[in-house]
$ cat work.pdb   # PDB, C-alpha atoms, pLDDT in the B column
MODEL        1
ATOM      1  CA  ALA F   1     114.639  86.385  13.238  1.00 63.00           C
ATOM      2  CA  GLN F   2     111.674  88.660  13.010  1.00 75.00           C
ATOM      3  CA  SER F   3     111.470  91.353  10.373  1.00 87.00           C
ATOM      4  CA  VAL F   4     108.840  93.944   9.553  1.00 92.00           C
ATOM      5  CA  THR F   5     108.477  95.442   6.090  1.00 94.00           C
ATOM      6  CA  GLN F   6     106.473  98.499   5.211  1.00 96.00           C
ATOM      7  CA  LEU F   7     105.883  98.351   1.522  1.00 91.00           C
ATOM      8  CA  ASP F   8     105.387 102.049   0.818  1.00 95.00           C
ATOM      9  CA  SER F   9     107.781 104.755   1.958  1.00 96.00           C
ATOM     10  CA  GLN F  10     105.352 107.536   1.021  1.00 97.00           C
ATOM     11  CA  VAL F  11     101.585 107.582   0.522  1.00 98.00           C
ATOM     12  CA  PRO F  12      99.929 110.767  -0.749  1.00 97.00           C
ATOM     13  CA  VAL F  13      96.152 110.961  -0.487  1.00 97.00           C
ATOM     14  CA  PHE F  14      93.425 113.576  -0.681  1.00 97.00           C
ATOM     15  CA  GLU F  15      91.394 114.593   2.327  1.00 97.00           C
ATOM     16  CA  GLU F  16      88.329 112.408   3.018  1.00 97.00           C
ATOM     17  CA  ALA F  17      89.693 109.592   0.844  1.00 98.00           C
ATOM     18  CA  PRO F  18      90.333 106.117   2.296  1.00 98.00           C
ATOM     19  CA  VAL F  19      93.888 104.999   2.937  1.00 98.00           C
ATOM     20  CA  GLU F  20      95.707 101.727   3.509  1.00 98.00           C
ATOM     21  CA  LEU F  21      99.270 101.540   4.810  1.00 98.00           C
ATOM     22  CA  ARG F  22     100.828  98.149   4.217  1.00 97.00           C
ATOM     23  CA  CYS F  23     102.885  96.112   6.630  1.00 96.00           C
ATOM     24  CA  ASN F  24     104.203  92.573   6.269  1.00 94.00           C
ATOM     25  CA  TYR F  25     106.006  90.575   8.892  1.00 92.00           C
ATOM     26  CA  SER F  26     108.024  87.432   9.016  1.00 87.00           C
ATOM     27  CA  SER F  27     108.434  85.514  12.187  1.00 70.00           C
ATOM     28  CA  SER F  28     108.884  81.994  13.432  1.00 66.00           C
ATOM     29  CA  VAL F  29     107.774  82.873  16.952  1.00 61.00           C
ATOM     30  CA  SER F  30     104.698  84.401  18.519  1.00 65.00           C
ATOM     31  CA  VAL F  31     103.518  87.478  16.684  1.00 80.00           C
ATOM     32  CA  TYR F  32     102.617  90.688  18.413  1.00 88.00           C
ATOM     33  CA  LEU F  33     102.160  93.676  16.142  1.00 92.00           C
ATOM     34  CA  PHE F  34     101.822  97.409  16.698  1.00 94.00           C
ATOM     35  CA  TRP F  35     101.176 100.533  14.675  1.00 96.00           C
ATOM     36  CA  TYR F  36     102.674 103.788  15.949  1.00 96.00           C
ATOM     37  CA  VAL F  37     102.275 107.314  14.549  1.00 97.00           C
ATOM     38  CA  GLN F  38     104.898 110.044  14.743  1.00 95.00           C
ATOM     39  CA  TYR F  39     103.841 113.618  14.095  1.00 93.00           C
ATOM     40  CA  PRO F  40     106.576 116.081  13.066  1.00 88.00           C
ATOM     41  CA  ASN F  41     109.022 116.835  15.878  1.00 82.00           C
ATOM     42  CA  GLN F  42     107.246 114.531  18.285  1.00 87.00           C
ATOM     43  CA  GLY F  43     107.660 111.093  19.816  1.00 89.00           C
ATOM     44  CA  LEU F  44     105.720 108.003  18.818  1.00 93.00           C
ATOM     45  CA  GLN F  45     102.123 107.383  19.826  1.00 94.00           C
ATOM     46  CA  LEU F  46     100.457 103.974  19.804  1.00 94.00           C
ATOM     47  CA  LEU F  47      97.551 103.710  17.351  1.00 96.00           C
ATOM     48  CA  LEU F  48      96.668 100.058  17.960  1.00 96.00           C
ATOM     49  CA  LYS F  49      98.110  96.658  18.692  1.00 94.00           C
ATOM     50  CA  TYR F  50      97.406  93.002  18.015  1.00 93.00           C
ATOM     51  CA  LEU F  51      98.327  90.447  20.657  1.00 88.00           C
ATOM     52  CA  SER F  52      95.721  87.711  20.116  1.00 85.00           C
ATOM     53  CA  GLY F  53      92.002  87.207  19.583  1.00 86.00           C
ATOM     54  CA  SER F  54      89.981  89.088  16.994  1.00 89.00           C
ATOM     55  CA  THR F  55      91.992  89.742  13.865  1.00 90.00           C
ATOM     56  CA  LEU F  56      90.335  93.127  13.305  1.00 96.00           C
ATOM     57  CA  VAL F  57      91.807  95.641  15.691  1.00 96.00           C
ATOM     58  CA  LYS F  58      90.360  99.093  16.200  1.00 96.00           C
ATOM     59  CA  GLY F  59      92.555 101.932  17.374  1.00 95.00           C
ATOM     60  CA  ILE F  60      92.487 105.608  18.066  1.00 94.00           C
ATOM     61  CA  ASN F  61      91.611 108.378  15.590  1.00 93.00           C
ATOM     62  CA  GLY F  62      89.421 106.076  13.486  1.00 96.00           C
ATOM     63  CA  PHE F  63      92.226 103.726  12.424  1.00 97.00           C
ATOM     64  CA  GLU F  64      91.902  99.960  12.272  1.00 97.00           C
ATOM     65  CA  ALA F  65      94.141  97.102  11.198  1.00 98.00           C
ATOM     66  CA  GLU F  66      93.598  93.516  10.211  1.00 96.00           C
ATOM     67  CA  PHE F  67      95.931  90.716  11.193  1.00 94.00           C
ATOM     68  CA  ASN F  68      96.177  88.195   8.365  1.00 93.00           C
ATOM     69  CA  LYS F  69      98.237  85.160   9.282  1.00 90.00           C
ATOM     70  CA  SER F  70      98.086  83.483   5.862  1.00 91.00           C
ATOM     71  CA  GLN F  71      99.388  86.612   4.142  1.00 92.00           C
ATOM     72  CA  THR F  72     101.644  87.609   7.081  1.00 92.00           C
ATOM     73  CA  SER F  73     100.206  91.102   6.916  1.00 94.00           C
ATOM     74  CA  PHE F  74      98.976  93.739   9.323  1.00 96.00           C
ATOM     75  CA  HIS F  75      97.739  96.586   7.123  1.00 97.00           C
ATOM     76  CA  LEU F  76      96.481  99.824   8.631  1.00 98.00           C
ATOM     77  CA  ARG F  77      93.320 101.423   7.256  1.00 98.00           C
ATOM     78  CA  LYS F  78      91.218 104.511   7.694  1.00 98.00           C
ATOM     79  CA  PRO F  79      88.012 105.060   5.699  1.00 97.00           C
ATOM     80  CA  SER F  80      88.323 108.853   5.524  1.00 97.00           C
ATOM     81  CA  VAL F  81      91.497 110.771   6.302  1.00 97.00           C
ATOM     82  CA  HIS F  82      91.949 114.314   7.573  1.00 97.00           C
ATOM     83  CA  ILE F  83      94.711 116.822   7.036  1.00 96.00           C
ATOM     84  CA  SER F  84      95.710 116.200  10.658  1.00 96.00           C
ATOM     85  CA  ASP F  85      96.554 112.555   9.833  1.00 97.00           C
ATOM     86  CA  THR F  86      99.654 113.748   7.986  1.00 97.00           C
ATOM     87  CA  ALA F  87     102.479 112.013   9.828  1.00 97.00           C
ATOM     88  CA  GLU F  88     104.883 109.103   9.664  1.00 97.00           C
ATOM     89  CA  TYR F  89     103.491 105.695  10.551  1.00 98.00           C
ATOM     90  CA  PHE F  90     105.559 102.806  11.863  1.00 97.00           C
ATOM     91  CA  CYS F  91     104.599  99.163  12.005  1.00 95.00           C
ATOM     92  CA  ALA F  92     106.457  97.228  14.701  1.00 93.00           C
ATOM     93  CA  GLY F  93     106.681  93.672  15.938  1.00 89.00           C
ATOM     94  CA  GLY F  94     107.332  92.319  19.415  1.00 83.00           C
ATOM     95  CA  GLY F  95     107.551  88.702  20.494  1.00 71.00           C
ATOM     96  CA  THR F  96     111.308  88.257  20.632  1.00 67.00           C
ATOM     97  CA  SER F  97     112.819  89.817  23.714  1.00 69.00           C
ATOM     98  CA  TYR F  98     112.046  92.038  26.651  1.00 69.00           C
ATOM     99  CA  GLY F  99     111.016  95.436  25.346  1.00 70.00           C
ATOM    100  CA  LYS F 100     112.528  94.949  21.936  1.00 80.00           C
ATOM    101  CA  LEU F 101     110.369  96.127  19.071  1.00 86.00           C
ATOM    102  CA  THR F 102     111.364  95.498  15.480  1.00 87.00           C
ATOM    103  CA  PHE F 103     110.285  98.546  13.496  1.00 92.00           C
ATOM    104  CA  GLY F 104     109.511  98.799   9.815  1.00 94.00           C
ATOM    105  CA  GLN F 105     111.106 101.629   7.841  1.00 95.00           C
ATOM    106  CA  GLY F 106     108.080 103.865   8.182  1.00 96.00           C
ATOM    107  CA  THR F 107     105.476 105.261   5.792  1.00 97.00           C
ATOM    108  CA  ILE F 108     104.992 108.980   5.416  1.00 97.00           C
ATOM    109  CA  LEU F 109     101.308 109.727   4.918  1.00 97.00           C
ATOM    110  CA  THR F 110     100.612 113.110   3.371  1.00 97.00           C
ATOM    111  CA  VAL F 111      96.995 114.249   3.213  1.00 97.00           C
ATOM    112  CA  HIS F 112      96.308 116.950   0.655  1.00 96.00           C
ATOM    113  CA  PRO F 113      93.312 119.305   0.757  1.00 95.00           C
TER     114      PRO F 113
ATOM    115  CA  ASP V   1      98.876 111.147  33.459  1.00 58.00           C
ATOM    116  CA  THR V   2     100.229 109.236  30.446  1.00 64.00           C
ATOM    117  CA  GLU V   3     103.122 111.536  29.770  1.00 90.00           C
ATOM    118  CA  VAL V   4     106.804 110.872  29.373  1.00 95.00           C
ATOM    119  CA  THR V   5     108.825 114.075  29.570  1.00 96.00           C
ATOM    120  CA  GLN V   6     112.297 114.645  28.197  1.00 97.00           C
ATOM    121  CA  THR V   7     114.728 117.474  28.743  1.00 96.00           C
ATOM    122  CA  PRO V   8     116.241 119.316  27.070  1.00 96.00           C
ATOM    123  CA  LYS V   9     114.248 119.548  23.830  1.00 95.00           C
ATOM    124  CA  HIS V  10     117.350 120.521  21.883  1.00 96.00           C
ATOM    125  CA  LEU V  11     121.038 120.109  22.680  1.00 96.00           C
ATOM    126  CA  VAL V  12     124.114 121.211  20.776  1.00 95.00           C
ATOM    127  CA  MET V  13     127.440 119.921  22.028  1.00 93.00           C
ATOM    128  CA  GLY V  14     131.036 119.704  20.949  1.00 90.00           C
ATOM    129  CA  MET V  15     132.930 116.449  20.693  1.00 89.00           C
ATOM    130  CA  THR V  16     134.780 117.109  23.955  1.00 88.00           C
ATOM    131  CA  ASN V  17     131.720 118.040  26.000  1.00 89.00           C
ATOM    132  CA  LYS V  18     129.931 115.993  28.638  1.00 94.00           C
ATOM    133  CA  LYS V  19     126.178 116.360  28.774  1.00 95.00           C
ATOM    134  CA  SER V  20     123.166 114.418  30.005  1.00 97.00           C
ATOM    135  CA  LEU V  21     119.680 113.753  28.699  1.00 98.00           C
ATOM    136  CA  LYS V  22     116.877 113.329  31.187  1.00 98.00           C
ATOM    137  CA  CYS V  23     113.634 111.354  30.991  1.00 98.00           C
ATOM    138  CA  GLU V  24     110.861 111.211  33.551  1.00 97.00           C
ATOM    139  CA  GLN V  25     107.563 109.374  33.902  1.00 96.00           C
ATOM    140  CA  HIS V  26     105.061 109.270  36.750  1.00 91.00           C
ATOM    141  CA  MET V  27     102.864 106.445  35.506  1.00 93.00           C
ATOM    142  CA  GLY V  28     104.373 103.838  37.815  1.00 92.00           C
ATOM    143  CA  HIS V  29     105.975 102.082  34.863  1.00 93.00           C
ATOM    144  CA  ARG V  30     108.765  99.645  35.669  1.00 92.00           C
ATOM    145  CA  ALA V  31     110.447  99.464  32.262  1.00 92.00           C
ATOM    146  CA  MET V  32     112.205 102.378  30.589  1.00 94.00           C
ATOM    147  CA  TYR V  33     113.938 102.583  27.231  1.00 94.00           C
ATOM    148  CA  TRP V  34     116.345 104.730  25.237  1.00 96.00           C
ATOM    149  CA  TYR V  35     116.068 104.863  21.447  1.00 95.00           C
ATOM    150  CA  LYS V  36     118.096 106.686  18.813  1.00 96.00           C
ATOM    151  CA  GLN V  37     116.331 107.896  15.680  1.00 95.00           C
ATOM    152  CA  LYS V  38     118.190 109.252  12.671  1.00 95.00           C
ATOM    153  CA  ALA V  39     116.363 111.343  10.109  1.00 90.00           C
ATOM    154  CA  LYS V  40     113.947 109.393   7.939  1.00 88.00           C
ATOM    155  CA  LYS V  41     114.703 106.165   9.833  1.00 92.00           C
ATOM    156  CA  PRO V  42     112.829 104.141  12.442  1.00 93.00           C
ATOM    157  CA  PRO V  43     113.865 104.267  16.095  1.00 93.00           C
ATOM    158  CA  GLU V  44     116.719 101.958  17.097  1.00 93.00           C
ATOM    159  CA  LEU V  45     116.712 100.502  20.571  1.00 92.00           C
ATOM    160  CA  MET V  46     119.762 101.390  22.680  1.00 95.00           C
ATOM    161  CA  PHE V  47     119.014 100.349  26.259  1.00 94.00           C
ATOM    162  CA  VAL V  48     116.231  98.790  28.328  1.00 92.00           C
ATOM    163  CA  TYR V  49     115.898  99.142  32.086  1.00 93.00           C
ATOM    164  CA  SER V  50     113.637  96.721  33.902  1.00 90.00           C
ATOM    165  CA  TYR V  51     112.910  97.417  37.573  1.00 91.00           C
ATOM    166  CA  GLU V  52     115.785  99.909  37.569  1.00 93.00           C
ATOM    167  CA  LYS V  53     118.295  97.345  36.337  1.00 93.00           C
ATOM    168  CA  LEU V  54     119.877  97.393  32.897  1.00 93.00           C
ATOM    169  CA  SER V  55     118.426  94.420  31.027  1.00 89.00           C
ATOM    170  CA  ILE V  56     119.328  95.155  27.427  1.00 86.00           C
ATOM    171  CA  ASN V  57     122.308  96.996  25.928  1.00 89.00           C
ATOM    172  CA  GLU V  58     122.194  96.829  22.162  1.00 88.00           C
ATOM    173  CA  SER V  59     125.979  96.995  21.758  1.00 89.00           C
ATOM    174  CA  VAL V  60     125.952 100.752  22.224  1.00 94.00           C
ATOM    175  CA  PRO V  61     129.366 102.493  22.312  1.00 94.00           C
ATOM    176  CA  SER V  62     130.608 103.363  25.793  1.00 94.00           C
ATOM    177  CA  ARG V  63     130.426 107.074  25.048  1.00 95.00           C
ATOM    178  CA  PHE V  64     126.727 106.612  25.851  1.00 97.00           C
ATOM    179  CA  SER V  65     126.158 105.747  29.508  1.00 97.00           C
ATOM    180  CA  PRO V  66     122.642 105.143  30.829  1.00 97.00           C
ATOM    181  CA  GLU V  67     121.582 105.538  34.425  1.00 97.00           C
ATOM    182  CA  CYS V  68     118.322 104.792  36.220  1.00 96.00           C
ATOM    183  CA  PRO V  69     118.472 106.495  39.642  1.00 94.00           C
ATOM    184  CA  ASN V  70     114.893 105.518  40.512  1.00 92.00           C
ATOM    185  CA  SER V  71     111.798 104.040  38.948  1.00 89.00           C
ATOM    186  CA  SER V  72     110.627 107.389  37.543  1.00 95.00           C
ATOM    187  CA  LEU V  73     113.853 108.740  36.128  1.00 97.00           C
ATOM    188  CA  LEU V  74     116.176 107.702  33.334  1.00 97.00           C
ATOM    189  CA  ASN V  75     119.318 109.538  32.291  1.00 98.00           C
ATOM    190  CA  LEU V  76     121.631 109.182  29.328  1.00 98.00           C
ATOM    191  CA  HIS V  77     125.119 110.540  29.931  1.00 97.00           C
ATOM    192  CA  LEU V  78     127.017 111.621  26.836  1.00 96.00           C
ATOM    193  CA  HIS V  79     130.781 111.999  26.535  1.00 94.00           C
ATOM    194  CA  ALA V  80     133.146 112.392  23.591  1.00 93.00           C
ATOM    195  CA  LEU V  81     130.403 112.022  21.016  1.00 93.00           C
ATOM    196  CA  GLN V  82     130.949 112.047  17.281  1.00 95.00           C
ATOM    197  CA  PRO V  83     129.041 114.082  14.670  1.00 95.00           C
ATOM    198  CA  GLU V  84     127.370 110.877  13.468  1.00 95.00           C
ATOM    199  CA  ASP V  85     125.728 110.603  16.897  1.00 96.00           C
ATOM    200  CA  SER V  86     123.536 113.561  15.977  1.00 97.00           C
ATOM    201  CA  ALA V  87     119.959 112.286  16.105  1.00 96.00           C
ATOM    202  CA  LEU V  88     116.648 112.429  17.945  1.00 96.00           C
ATOM    203  CA  TYR V  89     116.941 110.529  21.230  1.00 97.00           C
ATOM    204  CA  LEU V  90     113.661 109.092  22.401  1.00 96.00           C
ATOM    205  CA  CYS V  91     112.793 107.793  25.815  1.00 96.00           C
ATOM    206  CA  ALA V  92     109.910 105.402  26.396  1.00 94.00           C
ATOM    207  CA  SER V  93     108.355 103.564  29.303  1.00 94.00           C
ATOM    208  CA  SER V  94     106.025 100.629  29.734  1.00 91.00           C
ATOM    209  CA  GLN V  95     104.037  99.313  32.648  1.00 89.00           C
ATOM    210  CA  ASP V  96     105.535  95.934  33.268  1.00 79.00           C
ATOM    211  CA  PRO V  97     108.410  94.417  31.359  1.00 74.00           C
ATOM    212  CA  GLN V  98     107.009  91.573  29.346  1.00 72.00           C
ATOM    213  CA  PRO V  99     109.322  88.812  28.109  1.00 70.00           C
ATOM    214  CA  LEU V 100     107.820  88.758  24.657  1.00 64.00           C
ATOM    215  CA  GLY V 101     107.568  92.478  24.060  1.00 70.00           C
ATOM    216  CA  THR V 102     103.798  92.737  24.303  1.00 78.00           C
ATOM    217  CA  ASP V 103     103.792  95.764  26.564  1.00 82.00           C
ATOM    218  CA  THR V 104     102.706  99.114  25.119  1.00 87.00           C
ATOM    219  CA  GLN V 105     105.543 101.605  25.138  1.00 90.00           C
ATOM    220  CA  TYR V 106     104.788 105.269  25.778  1.00 92.00           C
ATOM    221  CA  PHE V 107     107.228 107.638  24.127  1.00 94.00           C
ATOM    222  CA  GLY V 108     108.459 111.054  25.094  1.00 95.00           C
ATOM    223  CA  PRO V 109     108.857 113.871  22.535  1.00 94.00           C
ATOM    224  CA  GLY V 110     112.597 113.329  22.280  1.00 95.00           C
ATOM    225  CA  THR V 111     115.759 115.394  22.544  1.00 97.00           C
ATOM    226  CA  ARG V 112     117.205 116.638  19.268  1.00 96.00           C
ATOM    227  CA  LEU V 113     120.971 116.304  19.656  1.00 96.00           C
ATOM    228  CA  THR V 114     123.499 117.960  17.391  1.00 96.00           C
ATOM    229  CA  VAL V 115     127.193 117.132  17.808  1.00 95.00           C
ATOM    230  CA  LEU V 116     129.575 119.619  16.239  1.00 93.00           C
TER     231      LEU V 116
ENDMDL
END

$ encode --input "work.pdb" --output "structure tokens"
Amino acid sequence: AQSVTQLDSQVPVFEEAPVELRCNYSSSVSVYLFWYVQYPNQGLQLLLKYLSGSTLVKGINGFEAEFNKSQTSFHLRKPSVHISDTAEYFCAGGGTSYGKLTFGQGTILTVHP
Amino acid sequence: DTEVTQTPKHLVMGMTNKKSLKCEQHMGHRAMYWYKQKAKKPPELMFVYSYEKLSINESVPSRFSPECPNSSLLNLHLHALQPEDSALYLCASSQDPQPLGTDTQYFGPGTRLTVL
């Protein structure tokens, strides 16, 4: 069975600093991975996804993620964060069943001025 | 238009009430989803509709009853709920149901439900 683990429940960072949000997966089937962001009192918005091909995936709002098969990781990075990036970030995996995403527990990113 | 709309934004109901949540999309998507999200937790899949037919029911109690009247609309009928059903209910849609879950899901803002 597939599982997705987000290693940090909370990540505080100062504005304009780089950030990495960690995600590890385990799967014995095809791997399709997503990062979603949820701003307070809102639904989820797709940041980026990996289905196949280049292991470096670029998304919206300056985020990127690297798929690393040997380390079973899909970490999310941004070189310089803004206050507006404060939100909860979810890593999710597909590849098992129609429409079913396996979500990690989420990482709350707080950007301080 | 990449928007999924949900009404109402907030709902307070008693345990004996019957209410419905509504979700709408006009992107021509053929898959629609209901999720439940408790505070500080990830979304949990409840139901998946594919081409207006129920394709996945994640062992959800019968007090939750989904309905897909047409390809743009998804309802969730609520009856005899319990206080522990209080949560954010999210609707999502995707273009074409993919067997391996590769399709991007577009989420609505959710309905915040409180059961007294």

$ atom_distance --input "work.pdb" --atom1 "atom CA of V:Pro66" --atom2 "atom CA of V:Lys53"
10.5 Å

$ atom_distance --input "work.pdb" --atom1 "atom CA of V:Gly108" --atom2 "atom CA of F:Ser84"
19.9 Å

$ atom_distance --input "work.pdb" --atom1 "atom CA of F:Phe90" --atom2 "atom CA of V:Lys9"
22.3 Å

$ closest_residue --input "work.pdb" --among "V:Leu54, V:Ala92, V:Leu21, V:Ala87" --to "V:Gln105" --atoms "all atoms listed in the file"
V:Ala92

$ resolve_selection --input "work.pdb" --expression "the ChimeraX specification (/F :<6) & /V" --output "ChimeraX atom specification"
/V:42,98-101,107-110

$ write_last_selection --input "work.pdb" --atoms "C-alpha atoms" --output "CSV table (one decimal), in the frame of the given file"
chain,number,residue,atom,x,y,z
V,42,PRO,CA,112.8,104.1,12.4
V,98,GLN,CA,107.0,91.6,29.3
V,99,PRO,CA,109.3,88.8,28.1
V,100,LEU,CA,107.8,88.8,24.7
V,101,GLY,CA,107.6,92.5,24.1
V,107,PHE,CA,107.2,107.6,24.1
V,108,GLY,CA,108.5,111.1,25.1
V,109,PRO,CA,108.9,113.9,22.5
V,110,GLY,CA,112.6,113.3,22.3

$ closest_residue --input "work.pdb" --among "V:Pro97, V:Thr7, V:Cys23, V:Ser59" --to "V:Leu113" --atoms "only C-alpha atoms"
V:Thr7

$ resolve_selection --input "work.pdb" --expression "the PyMOL selection byres ((chain V and resi 25) around 10)" --output "tab-separated table (two decimals) with C-alpha atoms, in the coordinates of the input"
chain	number	residue	atom	x	y	z
V	1	ASP	CA	98.88	111.15	33.46
V	2	THR	CA	100.23	109.24	30.45
V	3	GLU	CA	103.12	111.54	29.77
V	4	VAL	CA	106.80	110.87	29.37
V	5	THR	CA	108.82	114.08	29.57
V	6	GLN	CA	112.30	114.64	28.20
V	23	CYS	CA	113.63	111.35	30.99
V	24	GLU	CA	110.86	111.21	33.55
V	26	HIS	CA	105.06	109.27	36.75
V	27	MET	CA	102.86	106.44	35.51
V	28	GLY	CA	104.37	103.84	37.82
V	29	HIS	CA	105.98	102.08	34.86
V	30	ARG	CA	108.76	99.64	35.67
V	32	MET	CA	112.20	102.38	30.59
V	71	SER	CA	111.80	104.04	38.95
V	72	SER	CA	110.63	107.39	37.54
V	73	LEU	CA	113.85	108.74	36.13
V	74	LEU	CA	116.18	107.70	33.33
V	91	CYS	CA	112.79	107.79	25.82
V	92	ALA	CA	109.91	105.40	26.40
V	93	SER	CA	108.36	103.56	29.30
V	94	SER	CA	106.02	100.63	29.73
V	106	TYR	CA	104.79	105.27	25.78
V	107	PHE	CA	107.23	107.64	24.13
V	108	GLY	CA	108.46	111.05	25.09

$ residues_around --input "work.pdb" --residues "V:Gln37" --least-positions-apart "5" --cutoff "10 Å" --atoms "all atoms listed in the file" --output "list of chain:residue names"
V:Pro42, V:Pro43, V:Glu44, V:Leu45, V:Asp85, V:Ser86, V:Ala87, V:Leu88, V:Tyr89, V:Leu90, V:Gly110, V:Arg112

$ residues_around --input "work.pdb" --residues "F:Glu20" --least-positions-apart "3" --cutoff "9 Å" --atoms "only C-alpha atoms" --output "ChimeraX atom specification"
/F:11,75-79

$ closest_residue --input "work.pdb" --among "F:Asn68, F:Ser3, F:Thr86, F:Gln10" --to "F:Ser54" --atoms "all atoms listed in the file"
F:Asn68

$ residues_around --input "work.pdb" --residues "F:Pro18" --least-positions-apart "4" --cutoff "12 Å" --atoms "all atoms listed in the file" --output "ChimeraX atom specification"
/F:11-14,62-64,76-82,85,109,111

$ resolve_selection --input "work.pdb" --expression "the PyMOL selection byres ((chain V and resi 84) around 10)" --output "PyMOL selection string"
chain V and resi 38+81-83+85-87+114-116

$ axis_aligned_box --input "work.pdb" --around "stretch 46-64 of chain F" --padding-each-side "8 Å" --output "JSON"
{"center_x": 94.9, "center_y": 97.8, "center_z": 16.5, "size_x": 27.0, "size_y": 37.2, "size_z": 24.4}
